[in-house]
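Chemist: To start, I am sharing the structure in question, which I have written as structure tokens.
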Amino acid sequence: MSQEDKTRAALQTVLDVYCGRHPKGFRALAEICRPDFWFRDPFVEIHGLDAFKKFMRETGAHRTSTEWIVAGHAATGTSGYVRWRYVATFHEGPPLDFEGMTEFGFDAEGRLAFHIDFWDSADALTVRVPSLRNVIQDAKKDVHV
């Protein structure tokens with residue numbers, strides 16, 4: 001199996017897990033992750049699969065529903081790229097609905113080495129902390145002058 005085939009197969013497993021289609025759920029992700037796996041988004045950086053699983057459990061405890069909708073994906077070399085929409089509702093507070101992209105990095109054996117999310121954290125902040133809305137809108141205007 002070529003490197004690209006390994007990457008495509010591993011990326012498909014990740015997509016199936018995150019979209020809720022994999023019969024093993026997140027256990028399937030653990031089976032393909034490297035021990036030194038790391039995750040980063042605009043708010044957190046996590047090193048190690050156990051720490052990532054803990055983070056996912058803790059954040060999941062606050063949600064009543066989560067949907068990760070894939071708009072497109074591609075694989076090349078040892079990288080997989082996914083364009084997505086994230087929709088979540090919570091026990092308390094307003095729902096979130098925003099778009100982003102993720103780079104998944106795989107090693108030569110097709111094991112998941114890292115997961116980096118790219119999304120506009122200002123959108124999430126203004127929904128969860130409405131008092132920041134005007135400050136963030138003003139800052140965005142200043143940046144785009």
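Residues are referred to by chain and number: the chain letter is A, B, ... according to the order shown in the structure tokens, the number counts from 1 in that chain, and ligands are numbered separately from 1 in the order shown.
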Need the shell around Asp5 of chain A: protein/DNA/RNA residues with any atom at most 12 Å away, counting only C-alpha atoms. Skip same-chain ones fewer than 6 positions apart. Format as a list in words?
Modeler: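 Near Asp5 of chain A, the qualifying residues are Leu11, Gln12, Ala74, Ala75, Thr76, Gly77, Thr78, Ser79, Gly80, Phe106, Ala108, Glu109 and Gly110 of chain A.
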Chemist: Go through segment 19-109 of chain A residue by residue and, counting only C-alpha atoms, keep those with an atom at most 7 Å from segment 115-130 of chain A; for each kept residue give the shortest atom pair and its distance in Å to one decimal, ordered by chain and increasing number, as a Markdown table.
Modeler:
```
| residue | atom | partner | partner_atom | distance |
| --- | --- | --- | --- | --- |
| A:Trp38 | CA | A:His115 | CA | 6.5 |
| A:Phe39 | CA | A:His115 | CA | 4.8 |
| A:Arg40 | CA | A:Ile116 | CA | 4.8 |
| A:Asp41 | CA | A:Asp117 | CA | 4.7 |
| A:Pro42 | CA | A:Ser121 | CA | 6.3 |
| A:Gly93 | CA | A:Arg128 | CA | 6.9 |
| A:Pro94 | CA | A:Arg128 | CA | 6.6 |
| A:Leu96 | CA | A:Ala124 | CA | 6.6 |
| A:Glu99 | CA | A:Trp119 | CA | 6.5 |
| A:Gly100 | CA | A:Trp119 | CA | 4.4 |
| A:Met101 | CA | A:Phe118 | CA | 5.2 |
| A:Thr102 | CA | A:Asp117 | CA | 4.4 |
| A:Glu103 | CA | A:Ile116 | CA | 5.3 |
| A:Phe104 | CA | A:His115 | CA | 4.6 |
| A:Gly105 | CA | A:His115 | CA | 6.5 |
```
Chemist: Restricting the output to C-alpha atoms, write the selected residues as a short mmCIF file (atom, residue, chain, number, x, y, z; two decimals), in the first residue's frame.
Modeler:
```
data_model
loop_
_atom_site.label_atom_id
_atom_site.label_comp_id
_atom_site.auth_asym_id
_atom_site.auth_seq_id
_atom_site.Cartn_x
_atom_site.Cartn_y
_atom_site.Cartn_z
CA TRP A 38 -1.06 16.08 19.83
CA PHE A 39 -4.01 18.38 19.22
CA ARG A 40 -4.28 22.16 18.81
CA ASP A 41 -7.10 24.60 18.18
CA PRO A 42 -7.33 28.37 18.79
CA GLY A 93 -25.89 28.81 26.90
CA PRO A 94 -26.41 29.43 23.21
CA LEU A 96 -22.40 27.18 18.34
CA GLU A 99 -16.88 26.58 9.89
CA GLY A 100 -13.24 25.66 9.88
CA MET A 101 -10.50 23.45 8.52
CA THR A 102 -8.34 20.76 10.04
CA GLU A 103 -4.97 19.35 9.13
CA PHE A 104 -4.42 15.77 10.22
CA GLY A 105 -0.83 14.53 10.15
#
```
Chemist: Compare A:Met56, A:Asp107, A:Tyr18, A:Met1 by their minimum atom-to-atom distance to Arg85 of chain A, counting only C-alpha atoms, and give me the closest one.
Modeler: A:Tyr18
Chemist: Quick one: residues within 9 Å of Glu92 of chain A, only C-alpha atoms, excluding same-chain residues fewer than 3 positions away - as a VMD selection string?
Modeler: chain A and resid 62 to 63 89 95
Chemist: If you run DSSP on this backbone, which residues of segment 54-123 of chain A come out as helix (DSSP H, G or I), and could you give them as an MDAnalysis selection string?
Modeler: chainID A and resid 54:60 121:123
Chemist: Work out how far apart atom CA of Ser2 of chain A and atom CA of Ala113 of chain A are and give it in Å to one decimal.
Modeler: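 Atom-to-atom, atom CA of Ser2 of chain A and atom CA of Ala113 of chain A are spaced 17.9 Å apart.
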